[in-house]
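As C-alpha cells, the structure follows; a few thoughts come after it.
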Amino acid sequence: MFKRALVLVLIVGVGFPVVRAAAQMDLSKVRVVTAGDEELFEVPCVVLIEEVAKRTGITWSKGEQVGGEGAITLRKAAVGDGVAAEGFKISTEVGATPRITVSAASRRGALFGVGYLLRKLDWGPRKVSLTQAIAVTEAPQYAIRGHQLGYRAQANSYDAWDEKTYDQYIRELTFFGANCIENIPFQDARPTPIMPLSREEMNRRLSAICDKYDVDYWVWTPADFDLKDAEKRAAAVRFHEQFYQDCPRLDAIFFPGGDPGDNHPREVMPFLEDLSKILPKYHPNAKIWMSLQGFEGEKTDYFFDWLDEHKPDWLGGLVAGPSSPPLPEMRARLDKRYKLRDYPDITHIVRAQYEALNLDQVFALTAGREPINPRPEFYAEVFAATAPSTDGFLSYSDGCHDDLNKALWSGLSWNPRQETRAILVDYARCFFGSAAERVADGIFALEKNWAGSLRTNEVVPATLKLWQDLEAAHPELKDNWRWQMLVVRAYYDAYQRERLIRETALEQEACEAIEPKEGRPPTEAMRAALKVLERVETEPTRPELRDRIIELFDHLYTSIKFQSSVEKYHAIHPQRGCMLDFLDYPLNNRFWLEDEFHKVATLPTLEARWARLEQLRTWENPGPGSYYDDIGHVGRSPHVVRSPEQRGDDATFWWWDNGMSRLRLSWLVTSAPNSLEYDHLDPNASYLLRFCGFGELKPRADEQALTATVYHTEAHTMKEFPVPPELIKDGKLTVTFDNVQQPGVNWRNQPRLAEAWLLKNPAKDEEEKGRRR
C-alpha cells in the first residue's frame with residue numbers, strides 16, 4: 001500500500017520548505033470521518049467524496065473508520081489550534097493505514113481545506129494517492145475573493161447554464177479560496193433562447209447555492225436611468241425590495257456609479273439610503289457598496305464630502321472599477337471604517353481595463369475582445385501592483401473563458417507569496433490529474449503565443465506540438481471543458497499564424513500582379529491580382545487545423561455552453577466570445593483591395609487607373625531609401641519608439657461593422673507613438689513625411705515644427721510635411737508629436753495615427769512612376 005519516496009512537506013509561513021522522507025499514501029480505500037460537528041462538515045464531506053469519485057471512479061465511504069482502511073477526518077478546530085475563521089489546518093500521518101486530518105472552524109474553512117487537498121491529490125482512473133506529506137495551517141490574506149457570474153444575455157456562457165452547472169462551478173471556485181460570487185439580477189433584459197430558467201428563478205437558486213456553500217452572495221445593480229425621474233426611481237425601489245425578499249441569502253448590494261448609468265452622487269446617495277432602509281428587513285447583515293466609475297473632479301469630491309459628513313453604517317465600502325479614481329487615491333481618501341474592493345476586468349483583452357500587451361492585430365481581428373484568455377504572468381503583475389491598496393477583489397467576468405484567470409486571482413488573494421507556477425500546477429492537478437507540470441508549461445506557452453509579432457513568433461508551433469502531445473497522452477480528458485479550452489487555443493493560434501504567413505505572401509504576389517506591363521490594360525492586371533487573393537478559398541490553408549478547431553468549439557458548447565458563434569451557438573453579440581465566427585477573417589488587405597479595384601474601374605482615364613493601381617501596389621513598399629510604418633502594429637512598426645509608460649498596451653484595436661470591416665487592416669489599429677526614429681538617411685536627398693489617420697496632428701522633426709502641404713482631418717485621409725533639408729545632414733531624423741488630445745472628448749473621437757511614411761525624393765519618384773505607366 002505504501003512505497004518510500006522523497007517528498008516535500010508544505011509548511012506555510014516558513015521561509016524555506018523542508019524535504020524529508022515520507023510515504024506515498026495510496027488513498028484508494030479510504031473512509032471519510034467527521035468529528036466535532038456533523039452539520040458543519042456535511043457539505044464539505046459530500047464535496048470531497050463526490051469530487052474524488054468524479055475524477056477516479058472510486059467512491060469513498062463515509063462513517064466511522066473500519067480496520068484496514070485509511071481515514072480522512074474532518075474535525076472542528078479547537079481553540080488552541082490557531083485556525084482562523086476562514087482557515088484550515090491539514091496534517092498527514094503515515095502508519096499501517098494513511099490518515100489525513102482537516103481541521104476547520106467553519107463550513108467555509110472546511111471547504112477551503114477540502115479544496116486544498118483536492119489540489120494536491122494525484123489521481124487518474126481507479127487510482128488516487130498523495131505523494132506529498134502535508135503539514136499546513138492556512139488562512140487567507142485578503143477578505144474579499146470572488147468573481148462575477150451574472151446570469152444575463154451578455155455573458156458568453158453563464159446565460160445558458162442550468163442550476164447544476166452553476167452549483168458545480170461555484171463549488172470549484174472555492175477550491176482556490178473564493179468566498180463570494182456576484183450575480184447580475186436585473187440589468188440586460190434582452191431575450192435569449194438558451195436560458196434554461198427565468199432570471200427571477202435563477203436569482204433565487206444562485207442565492208440558495210451560495211448559502212449551501214457558505215459563499216457570500218453579491219449582486220450588481222446599476223441604475224441605468226435618470227434617478228431624478230420619480231416614477232422610475234420608485235419602481236426601482238419596489239423592484240429591489242421584491243428581490244431582497246426572494247433571496248434566501250444576500251450579503252452585498254453593489255451599485256456602480258457609472259458604466260452603466262450617469263447619475264450625480266447627489267441623486268445616488270439618497271437612493272442608496274432608501275434601499276438601506278429596506279435591506280435589513282430581509283438581510284440584517286447585508287451591506288451596500290458603490291463604485292465611483294465615471295466620477296471625476298467635482299463628483300468625486302462631492303461623494304467624499306458626503307461620506308465624511310454622514311458616515312453611514314449601511315455602507316460596506318467602495319468598489320474600484322474601470323474608470324474609477326486610482327486605487328491609492330481612493331484608499332487614502334476613504335474612511336478606515338470602510339473597505340475597498342477591487343473590480344478587475346479579467347475577461348477582455350482589447351478595449352478593456354487590462355489590454356493584452358504587445359498583442360498582434362491578428363488576435364484582435366479573430367479571437368476578438370472576449371476569447372479564451374489564460375494570462376497568468378500578466379495578471380500576477382497586475383495583482384501585485386493593485387492588491388496592497390485593497391481589502392480584496394471581486395472580478396468582472398462575462399463567461400468561463402477566463403477560468404484560469406479566476407483561479408489565479410483567487411489563489412494570489414489567498415496567499416500572495418505563492419509562485420504563479422505553483423497555482424497553475426495546482427489548477428492542472430486539480431482538474432486534469434497527471435502531467436500537471438507539463439500542463440502548466442502549456443498554459444504559460446499559450447500566454448507567450450500572444451506576445452509580439454505573430455508571424456515571427458516561433459513559440460506558437462511549439463505550443464501546438466506540446467498540446468498535441470498532451471492530447472495523445474491523455475485521451476481520457478477529451479470531454480473535460482477546461483482541457484478543451486486550452487487545447488483549442490493552441491490550435492487556434494497556430495492556424496492563425498499559418499494563415500497570416502500565407503495571406504501576407506498572397507497580398508505581396510497580388511501587388512506584383514498589378515505592376516504595369518506593356519500592352520496589358522488595368523482590368524487584366526486587377527483580374528490577375530484578384531485571382532491570387534482568391535486562392536485562400538480555392539486552396540485553403542491547413543484545413544486539418546481548421547476542422548479540429550470547429551470540432552473543439554462544438555464540444556465546448558456541449559460541455560459548458562461556451563458560445564463561440566452568434567448563428568451556431570446563440571452568442572448575443574459578435575464581440576462576446578465569437579472566436580469561431582472570425583476564424584477565417586482575412587489577415588491581409590483582400591477586402592480593401594477588392595473594393596479599391598471596383599473604384600479604379602470607374603476612374604475616367606487610363607492614366608488615372610494606372611496611377612491609382614501604382615499607389616495600391618507600393619502602399620507599404622514605397623521604394624529604396626523610403627520607409628513605412630503600420631503605427632499600431634507590434635510587428636510592422638520598426639521606427640516607432642514608445643514611451644516607458646507604454647508597455648505594449650498603447651494600441652487601440654477598432655471595432656467597426658460588427659467586426660467585419662473591409663477597411664485597410666492598418667486603419668483598424670492605431671496608436672500614439674512617443675516618436676519615430678530614422679537613421680542611415682541620404683544627406684543629399686529630399687524627404688517628405690506622410691501620415692494617415694484621423695483628426696489633428698502636429699509633428700516636429702528634430703524639435704522643429706513642420707508645415708503641412710497636404711492636411712486632411714477626416715478618417716483615413718493623408719497629411720504631408722516636407723522635411724527641411726538641413727535636418728537630414730547627419731543622416732538621422734527624430735519625429736515627435738505635440739499633444740493634440742481634446743479635453744472632454746470621448747476617446748473614440750480623439751485624434752489617432754495609423755500609418756507613417758518617410759519618402760525619399762518624392763518628386764523624382766512620382767516622375768519615374770509616370771514614365772513607367
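Lettering and numbering for the C-alpha cells are positional, with chains as A, B, ... in the shown order, residues counted from 1 in each chain, and ligands counted from 1 in the shown order.
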Problem - Residues flagged strand (DSSP E) by DSSP in segment 529-713 of chain A, as a ChimeraX atom specification - result: /A:627-630,640-641,652-653,669-670,675-678,687-694,699-701,704-705,710-711
Practice task
May I have the residues within 12 Å of Val439 of chain A as JSON, numbers by chain, using only C-alpha atoms and disregarding those fewer than 5 positions away in the same chain?
Solution key: {"A": [421, 422, 423, 424, 425, 426, 427, 428, 429, 430, 431, 432, 433, 434, 444, 445, 446, 463, 466, 467, 468, 469, 470, 471, 473, 474, 482, 483, 486, 487]}
Selection from above, C-alpha atoms, as a PDB file, in the first residue's frame, can you write it?
ATOM      1  CA  ARG A 421       3.604  28.420 -11.486  1.00  0.00           C
ATOM      2  CA  ALA A 422       2.514  26.716  -8.258  1.00  0.00           C
ATOM      3  CA  ILE A 423      -1.057  27.919  -8.824  1.00  0.00           C
ATOM      4  CA  LEU A 424      -1.004  26.637 -12.409  1.00  0.00           C
ATOM      5  CA  VAL A 425       0.319  23.258 -11.301  1.00  0.00           C
ATOM      6  CA  ASP A 426      -2.427  23.058  -8.670  1.00  0.00           C
ATOM      7  CA  TYR A 427      -5.007  24.015 -11.311  1.00  0.00           C
ATOM      8  CA  ALA A 428      -3.755  21.299 -13.648  1.00  0.00           C
ATOM      9  CA  ARG A 429      -3.532  18.668 -10.919  1.00  0.00           C
ATOM     10  CA  CYS A 430      -6.995  19.523  -9.613  1.00  0.00           C
ATOM     11  CA  PHE A 431      -8.793  19.393 -12.951  1.00  0.00           C
ATOM     12  CA  PHE A 432      -6.595  17.190 -15.163  1.00  0.00           C
ATOM     13  CA  GLY A 433      -4.745  14.827 -12.822  1.00  0.00           C
ATOM     14  CA  SER A 434      -1.347  13.694 -14.035  1.00  0.00           C
ATOM     15  CA  PHE A 444       2.430  29.612 -19.926  1.00  0.00           C
ATOM     16  CA  ALA A 445       3.118  28.867 -23.598  1.00  0.00           C
ATOM     17  CA  LEU A 446      -0.409  29.930 -24.591  1.00  0.00           C
ATOM     18  CA  THR A 463       2.918  25.282 -28.216  1.00  0.00           C
ATOM     19  CA  LEU A 466       3.107  20.404 -26.757  1.00  0.00           C
ATOM     20  CA  TRP A 467      -0.682  20.324 -26.568  1.00  0.00           C
ATOM     21  CA  GLN A 468      -0.973  17.722 -29.314  1.00  0.00           C
ATOM     22  CA  ASP A 469       1.390  15.509 -27.333  1.00  0.00           C
ATOM     23  CA  LEU A 470      -0.710  16.057 -24.213  1.00  0.00           C
ATOM     24  CA  GLU A 471      -3.861  15.216 -26.181  1.00  0.00           C
ATOM     25  CA  ALA A 473      -1.166  11.062 -23.851  1.00  0.00           C
ATOM     26  CA  HIS A 474      -4.481  11.861 -22.147  1.00  0.00           C
ATOM     27  CA  ARG A 482     -11.231  23.181 -19.278  1.00  0.00           C
ATOM     28  CA  TRP A 483      -8.997  20.863 -21.280  1.00  0.00           C
ATOM     29  CA  LEU A 486      -6.686  25.131 -23.596  1.00  0.00           C
ATOM     30  CA  VAL A 487      -6.356  22.702 -26.488  1.00  0.00           C
TER      31      VAL A 487
END
Practice task
List every residue of segment 459-577 of chain A that DSSP, applied to the backbone, labels as helix (DSSP H, G or I), and write the result as a PyMOL selection string.
Solution key: chain A and resi 459-473+475-477+481-513+522-533+535-538+543-560+566-569
Set the distance at 9 Å and use only C-alpha atoms: which residues neighbour Ala223 of chain A once local chain neighbours fewer than 2 positions away are removed? I'd like the list as an mmCIF file with N, CA, C and O atoms, in the first residue's frame.
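Result went into out.cif, see below:
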data_model
loop_
_atom_site.group_PDB
_atom_site.id
_atom_site.type_symbol
_atom_site.label_atom_id
_atom_site.label_comp_id
_atom_site.auth_asym_id
_atom_site.auth_seq_id
_atom_site.Cartn_x
_atom_site.Cartn_y
_atom_site.Cartn_z
ATOM 1 N N GLN A 187 -30.178 43.974 -14.663
ATOM 2 C CA GLN A 187 -29.715 44.666 -15.862
ATOM 3 C C GLN A 187 -29.596 43.720 -17.052
ATOM 4 O O GLN A 187 -29.281 42.537 -16.896
ATOM 5 N N THR A 221 -26.144 45.973 -9.251
ATOM 6 C CA THR A 221 -27.461 46.556 -9.531
ATOM 7 C C THR A 221 -27.321 48.016 -9.947
ATOM 8 O O THR A 221 -27.528 48.925 -9.133
ATOM 9 N N PHE A 225 -30.855 54.550 -15.530
ATOM 10 C CA PHE A 225 -31.923 55.517 -15.825
ATOM 11 C C PHE A 225 -31.649 56.758 -14.975
ATOM 12 O O PHE A 225 -30.802 56.746 -14.070
ATOM 13 N N ASP A 226 -32.342 57.823 -15.257
ATOM 14 C CA ASP A 226 -32.167 59.084 -14.538
ATOM 15 C C ASP A 226 -32.858 58.993 -13.177
ATOM 16 O O ASP A 226 -34.084 58.838 -13.097
ATOM 17 N N LEU A 227 -32.077 59.069 -12.103
ATOM 18 C CA LEU A 227 -32.654 58.956 -10.765
ATOM 19 C C LEU A 227 -33.536 60.143 -10.399
ATOM 20 O O LEU A 227 -34.258 60.100 -9.395
ATOM 21 N N ARG A 233 -37.635 55.863 -10.398
ATOM 22 C CA ARG A 233 -36.922 55.656 -9.135
ATOM 23 C C ARG A 233 -37.761 54.822 -8.171
ATOM 24 O O ARG A 233 -37.273 53.880 -7.540
ATOM 25 N N ALA A 236 -37.863 51.256 -9.194
ATOM 26 C CA ALA A 236 -36.607 50.565 -8.893
ATOM 27 C C ALA A 236 -36.548 50.157 -7.426
ATOM 28 O O ALA A 236 -36.100 49.051 -7.095
ATOM 29 N N PHE A 255 -23.644 48.919 -6.169
ATOM 30 C CA PHE A 255 -24.225 49.919 -7.058
ATOM 31 C C PHE A 255 -23.085 50.634 -7.787
ATOM 32 O O PHE A 255 -22.344 51.400 -7.167
ATOM 33 N N PRO A 256 -22.913 50.407 -9.097
ATOM 34 C CA PRO A 256 -21.867 51.121 -9.825
ATOM 35 C C PRO A 256 -22.275 52.557 -10.108
ATOM 36 O O PRO A 256 -23.382 52.810 -10.596
ATOM 37 N N GLY A 257 -21.379 53.494 -9.831
ATOM 38 C CA GLY A 257 -21.700 54.893 -10.073
ATOM 39 C C GLY A 257 -21.855 55.213 -11.548
ATOM 40 O O GLY A 257 -22.540 56.153 -11.924
ATOM 41 N N GLY A 258 -21.211 54.433 -12.395
ATOM 42 C CA GLY A 258 -21.312 54.602 -13.842
ATOM 43 C C GLY A 258 -20.999 53.286 -14.536
ATOM 44 O O GLY A 258 -20.639 52.300 -13.895
ATOM 45 N N PRO A 260 -22.984 50.905 -16.400
ATOM 46 C CA PRO A 260 -23.802 51.973 -16.975
ATOM 47 C C PRO A 260 -24.312 52.940 -15.901
ATOM 48 O O PRO A 260 -24.146 52.717 -14.711
ATOM 49 N N GLY A 261 -24.967 53.979 -16.385
ATOM 50 C CA GLY A 261 -25.529 54.990 -15.501
ATOM 51 C C GLY A 261 -24.708 56.268 -15.532
ATOM 52 O O GLY A 261 -23.493 56.236 -15.712
ATOM 53 N N ASP A 262 -25.392 57.385 -15.358
ATOM 54 C CA ASP A 262 -24.714 58.672 -15.399
ATOM 55 C C ASP A 262 -25.379 59.620 -14.413
ATOM 56 O O ASP A 262 -25.760 60.739 -14.751
ATOM 57 N N ASN A 263 -25.528 59.154 -13.179
ATOM 58 C CA ASN A 263 -26.198 59.951 -12.155
ATOM 59 C C ASN A 263 -25.170 60.621 -11.244
ATOM 60 O O ASN A 263 -24.137 60.037 -10.907
ATOM 61 N N VAL A 268 -27.548 59.772 -6.245
ATOM 62 C CA VAL A 268 -27.230 58.378 -5.912
ATOM 63 C C VAL A 268 -27.344 58.124 -4.416
ATOM 64 O O VAL A 268 -27.971 57.145 -3.984
#
Show me, as a Markdown table, the residues of segment 502-617 of chain A having an atom within 10 Å of segment 652-663 of chain A, each with the closest atom pair and its distance in Å, using only C-alpha atoms.
| residue | atom | partner | partner_atom | distance |
| --- | --- | --- | --- | --- |
| A:His573 | CA | A:Asn658 | CA | 8.5 |
| A:Pro574 | CA | A:Asn658 | CA | 6.5 |
| A:Gln575 | CA | A:Asn658 | CA | 7.7 |
| A:Asp581 | CA | A:Gly659 | CA | 9.6 |
| A:Phe582 | CA | A:Gly659 | CA | 8.1 |
| A:Tyr585 | CA | A:Met660 | CA | 7.6 |
| A:Pro586 | CA | A:Arg662 | CA | 9.3 |
| A:Asn589 | CA | A:Leu663 | CA | 7.8 |
| A:Arg590 | CA | A:Arg662 | CA | 8.3 |
| A:Phe591 | CA | A:Arg662 | CA | 5.0 |
| A:Trp592 | CA | A:Leu663 | CA | 5.3 |
| A:Leu593 | CA | A:Arg662 | CA | 9.0 |
| A:Glu594 | CA | A:Arg662 | CA | 9.1 |
| A:Asp595 | CA | A:Arg662 | CA | 8.0 |
| A:Glu596 | CA | A:Leu663 | CA | 10.0 |
Residue selection dump (all heavy atoms) as a CSV table (one decimal), in the first residue's frame:
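Result went into result-v2.csv, see below:
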chain,number,residue,atom,x,y,z
A,573,HIS,N,-23.7,38.6,-29.2
A,573,HIS,CA,-23.1,39.7,-30.0
A,573,HIS,C,-21.8,39.2,-30.5
A,573,HIS,O,-21.1,38.4,-29.8
A,573,HIS,CB,-22.9,40.9,-29.1
A,573,HIS,CG,-22.5,42.1,-29.9
A,573,HIS,ND1,-21.2,42.4,-30.2
A,573,HIS,CD2,-23.2,43.2,-30.4
A,573,HIS,CE1,-21.1,43.5,-30.8
A,573,HIS,NE2,-22.3,44.0,-31.0
A,574,PRO,N,-21.3,39.6,-31.7
A,574,PRO,CA,-20.0,39.1,-32.2
A,574,PRO,C,-18.8,39.4,-31.3
A,574,PRO,O,-17.8,38.7,-31.4
A,574,PRO,CB,-19.9,39.9,-33.5
A,574,PRO,CG,-21.3,40.2,-33.9
A,574,PRO,CD,-22.1,40.4,-32.6
A,575,GLN,N,-18.9,40.4,-30.5
A,575,GLN,CA,-17.8,40.7,-29.6
A,575,GLN,C,-17.7,39.7,-28.4
A,575,GLN,O,-16.7,39.7,-27.7
A,575,GLN,CB,-17.8,42.1,-29.0
A,575,GLN,CG,-17.5,43.2,-30.0
A,575,GLN,CD,-17.2,44.5,-29.3
A,575,GLN,OE1,-16.1,44.8,-28.9
A,575,GLN,NE2,-18.2,45.3,-29.2
A,581,ASP,N,-16.7,32.6,-35.3
A,581,ASP,CA,-17.3,33.5,-36.4
A,581,ASP,C,-16.2,34.2,-37.1
A,581,ASP,O,-16.4,34.6,-38.3
A,581,ASP,CB,-18.3,34.5,-35.8
A,581,ASP,CG,-19.6,33.8,-35.4
A,581,ASP,OD1,-19.8,32.7,-35.8
A,581,ASP,OD2,-20.4,34.5,-34.8
A,582,PHE,N,-15.0,34.5,-36.5
A,582,PHE,CA,-14.0,35.2,-37.1
A,582,PHE,C,-12.7,34.3,-37.4
A,582,PHE,O,-11.6,34.9,-37.7
A,582,PHE,CB,-13.6,36.4,-36.3
A,582,PHE,CG,-14.7,37.4,-36.1
A,582,PHE,CD1,-15.5,37.3,-34.9
A,582,PHE,CD2,-15.0,38.3,-37.0
A,582,PHE,CE1,-16.6,38.2,-34.8
A,582,PHE,CE2,-16.1,39.2,-36.8
A,582,PHE,CZ,-16.9,39.1,-35.7
A,585,TYR,N,-11.5,35.4,-40.9
A,585,TYR,CA,-11.4,36.8,-41.3
A,585,TYR,C,-10.1,37.1,-42.0
A,585,TYR,O,-9.0,36.6,-41.5
A,585,TYR,CB,-11.6,37.7,-40.1
A,585,TYR,CG,-11.6,39.1,-40.4
A,585,TYR,CD1,-12.8,39.8,-40.8
A,585,TYR,CD2,-10.4,39.9,-40.4
A,585,TYR,CE1,-12.8,41.1,-41.1
A,585,TYR,CE2,-10.5,41.3,-40.7
A,585,TYR,CZ,-11.6,41.9,-41.0
A,585,TYR,OH,-11.7,43.2,-41.3
A,586,PRO,N,-10.1,37.8,-43.1
A,586,PRO,CA,-8.9,38.0,-43.9
A,586,PRO,C,-7.8,38.6,-43.1
A,586,PRO,O,-8.0,39.6,-42.4
A,586,PRO,CB,-9.3,38.9,-45.1
A,586,PRO,CG,-10.8,38.6,-45.2
A,586,PRO,CD,-11.3,38.3,-43.9
A,589,ASN,N,-5.1,42.5,-46.8
A,589,ASN,CA,-6.0,43.6,-47.2
A,589,ASN,C,-6.8,43.2,-48.4
A,589,ASN,O,-7.2,44.0,-49.3
A,589,ASN,CB,-5.2,44.8,-47.6
A,589,ASN,CG,-4.6,45.5,-46.3
A,589,ASN,OD1,-5.4,45.9,-45.5
A,589,ASN,ND2,-3.3,45.6,-46.2
A,590,ARG,N,-7.2,41.9,-48.5
A,590,ARG,CA,-8.0,41.4,-49.6
A,590,ARG,C,-9.3,42.2,-49.7
A,590,ARG,O,-9.7,42.6,-50.8
A,590,ARG,CB,-8.4,39.9,-49.3
A,590,ARG,CG,-9.3,39.3,-50.3
A,590,ARG,CD,-9.7,37.9,-49.9
A,590,ARG,NE,-10.8,37.4,-50.8
A,590,ARG,CZ,-11.4,36.3,-50.6
A,590,ARG,NH1,-11.2,35.6,-49.6
A,590,ARG,NH2,-12.4,35.9,-51.5
A,591,PHE,N,-10.1,42.4,-48.6
A,591,PHE,CA,-11.3,43.1,-48.7
A,591,PHE,C,-11.1,44.5,-49.3
A,591,PHE,O,-11.8,45.0,-50.2
A,591,PHE,CB,-12.0,43.2,-47.3
A,591,PHE,CG,-12.7,42.0,-46.8
A,591,PHE,CD1,-13.2,41.9,-45.5
A,591,PHE,CD2,-12.9,40.9,-47.7
A,591,PHE,CE1,-13.8,40.8,-45.1
A,591,PHE,CE2,-13.6,39.8,-47.2
A,591,PHE,CZ,-14.0,39.7,-45.9
A,592,TRP,N,-10.1,45.2,-48.7
A,592,TRP,CA,-9.9,46.6,-49.1
A,592,TRP,C,-9.5,46.7,-50.6
A,592,TRP,O,-9.9,47.5,-51.3
A,592,TRP,CB,-8.8,47.2,-48.2
A,592,TRP,CG,-8.4,48.6,-48.5
A,592,TRP,CD1,-9.2,49.7,-48.3
A,592,TRP,CD2,-7.2,49.1,-49.1
A,592,TRP,NE1,-8.5,50.8,-48.7
A,592,TRP,CE2,-7.3,50.5,-49.1
A,592,TRP,CE3,-6.0,48.4,-49.5
A,592,TRP,CZ2,-6.3,51.3,-49.6
A,592,TRP,CZ3,-5.0,49.2,-50.0
A,592,TRP,CH2,-5.1,50.6,-50.1
A,593,LEU,N,-8.6,45.7,-51.0
A,593,LEU,CA,-8.1,45.8,-52.4
A,593,LEU,C,-9.3,45.5,-53.4
A,593,LEU,O,-9.4,46.1,-54.4
A,593,LEU,CB,-7.0,44.8,-52.6
A,593,LEU,CG,-5.7,45.2,-52.0
A,593,LEU,CD1,-4.7,44.0,-52.1
A,593,LEU,CD2,-5.1,46.4,-52.7
A,594,GLU,N,-10.2,44.5,-53.0
A,594,GLU,CA,-11.3,44.2,-53.8
A,594,GLU,C,-12.2,45.5,-54.0
A,594,GLU,O,-12.6,45.8,-55.2
A,594,GLU,CB,-12.2,43.1,-53.2
A,594,GLU,CG,-11.5,41.8,-53.2
A,594,GLU,CD,-12.3,40.7,-52.5
A,594,GLU,OE1,-13.2,41.1,-51.7
A,594,GLU,OE2,-12.1,39.5,-52.6
A,595,ASP,N,-12.4,46.2,-53.0
A,595,ASP,CA,-13.2,47.4,-53.0
A,595,ASP,C,-12.5,48.5,-53.8
A,595,ASP,O,-13.1,49.3,-54.6
A,595,ASP,CB,-13.6,47.9,-51.6
A,595,ASP,CG,-14.5,47.0,-50.9
A,595,ASP,OD1,-15.1,46.1,-51.5
A,595,ASP,OD2,-14.6,47.1,-49.6
A,596,GLU,N,-11.2,48.7,-53.6
A,596,GLU,CA,-10.4,49.7,-54.3
A,596,GLU,C,-10.4,49.4,-55.8
A,596,GLU,O,-10.5,50.3,-56.7
A,596,GLU,CB,-9.0,49.8,-53.8
A,596,GLU,CG,-8.9,50.4,-52.4
A,596,GLU,CD,-9.5,51.8,-52.4
A,596,GLU,OE1,-9.1,52.6,-53.3
A,596,GLU,OE2,-10.3,52.1,-51.5
Handout entry: Nearby residues (only C-alpha atoms) at most 8 Å from Val459 of chain A, same-chain spacing under 2 positions excluded, as a PyMOL selection string
Key = chain A and resi 445+448-449+457+461-463
Problem - Spatial neighbours of segment 531-534 of chain A, 9 Å, only C-alpha atoms, chain gap at least 4 places, as a PyMOL selection string - result: chain A and resi 503+506-507+509-510+513+526-527+538-539+590
Pull all heavy atoms from the residues just selected and write them as a short mmCIF file (atom, residue, chain, number, x, y, z; two decimals), in the first residue's frame.
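File written: out-v7.cif
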data_model
loop_
_atom_site.label_atom_id
_atom_site.label_comp_id
_atom_site.auth_asym_id
_atom_site.auth_seq_id
_atom_site.Cartn_x
_atom_site.Cartn_y
_atom_site.Cartn_z
N GLU A 503 -1.30 34.41 -46.22
CA GLU A 503 -2.08 35.52 -46.78
C GLU A 503 -1.23 36.78 -46.98
O GLU A 503 -1.49 37.57 -47.89
CB GLU A 503 -3.30 35.79 -45.90
CG GLU A 503 -4.30 34.63 -45.95
CD GLU A 503 -5.55 34.86 -45.12
OE1 GLU A 503 -5.92 36.04 -44.92
OE2 GLU A 503 -6.17 33.86 -44.69
N LEU A 506 0.40 36.11 -50.23
CA LEU A 506 -0.55 36.27 -51.33
C LEU A 506 -0.79 37.74 -51.66
O LEU A 506 -0.92 38.11 -52.84
CB LEU A 506 -1.87 35.58 -51.00
CG LEU A 506 -1.86 34.05 -51.00
CD1 LEU A 506 -3.21 33.51 -50.53
CD2 LEU A 506 -1.52 33.51 -52.39
N GLU A 507 -0.85 38.59 -50.64
CA GLU A 507 -1.03 40.02 -50.91
C GLU A 507 0.17 40.59 -51.65
O GLU A 507 0.03 41.39 -52.59
CB GLU A 507 -1.26 40.79 -49.61
CG GLU A 507 -1.48 42.28 -49.87
CD GLU A 507 -1.83 43.07 -48.62
OE1 GLU A 507 -2.24 42.46 -47.61
OE2 GLU A 507 -1.72 44.31 -48.66
N GLU A 509 2.10 38.94 -53.63
CA GLU A 509 2.01 38.43 -55.00
C GLU A 509 0.94 39.19 -55.79
O GLU A 509 1.13 39.49 -56.99
CB GLU A 509 1.69 36.94 -54.97
CG GLU A 509 1.72 36.27 -56.32
CD GLU A 509 1.44 34.78 -56.26
OE1 GLU A 509 1.56 34.19 -55.16
OE2 GLU A 509 1.09 34.19 -57.31
N ALA A 510 -0.17 39.53 -55.13
CA ALA A 510 -1.23 40.29 -55.82
C ALA A 510 -0.74 41.68 -56.19
O ALA A 510 -1.06 42.20 -57.27
CB ALA A 510 -2.46 40.38 -54.92
N ALA A 513 1.21 41.52 -59.21
CA ALA A 513 0.38 41.26 -60.39
C ALA A 513 -0.17 42.54 -61.01
O ALA A 513 -0.56 42.54 -62.17
CB ALA A 513 -0.77 40.32 -60.03
N MET A 526 -5.92 43.79 -62.64
CA MET A 526 -6.74 43.60 -61.44
C MET A 526 -7.32 42.20 -61.38
O MET A 526 -7.40 41.59 -60.31
CB MET A 526 -7.83 44.66 -61.40
CG MET A 526 -7.30 46.07 -61.11
SD MET A 526 -8.59 47.30 -60.85
CE MET A 526 -9.22 47.54 -62.51
N ARG A 527 -7.72 41.65 -62.52
CA ARG A 527 -8.23 40.27 -62.53
C ARG A 527 -7.16 39.30 -62.08
O ARG A 527 -7.43 38.36 -61.32
CB ARG A 527 -8.73 39.90 -63.93
CG ARG A 527 -10.15 40.33 -64.23
CD ARG A 527 -10.73 39.59 -65.42
NE ARG A 527 -9.97 39.85 -66.63
CZ ARG A 527 -10.26 40.80 -67.51
NH1 ARG A 527 -11.29 41.62 -67.28
NH2 ARG A 527 -9.53 40.97 -68.59
N THR A 538 -9.85 28.82 -52.78
CA THR A 538 -9.69 27.68 -53.69
C THR A 538 -8.62 26.71 -53.21
O THR A 538 -8.66 25.53 -53.53
CB THR A 538 -9.34 28.18 -55.10
OG1 THR A 538 -8.13 28.95 -55.05
CG2 THR A 538 -10.46 29.04 -55.66
N GLU A 539 -7.66 27.22 -52.43
CA GLU A 539 -6.60 26.37 -51.88
C GLU A 539 -6.47 26.68 -50.38
O GLU A 539 -5.59 27.42 -49.95
CB GLU A 539 -5.27 26.65 -52.58
CG GLU A 539 -5.32 26.44 -54.09
CD GLU A 539 -4.08 26.98 -54.78
OE1 GLU A 539 -3.02 27.10 -54.11
OE2 GLU A 539 -4.15 27.29 -55.98
N ARG A 590 -7.23 41.91 -48.45
CA ARG A 590 -8.05 41.41 -49.56
C ARG A 590 -9.35 42.20 -49.71
O ARG A 590 -9.68 42.64 -50.81
CB ARG A 590 -8.37 39.93 -49.32
CG ARG A 590 -9.32 39.34 -50.34
CD ARG A 590 -9.74 37.94 -49.94
NE ARG A 590 -10.78 37.43 -50.83
CZ ARG A 590 -11.44 36.32 -50.61
NH1 ARG A 590 -11.18 35.57 -49.56
NH2 ARG A 590 -12.39 35.92 -51.46
#
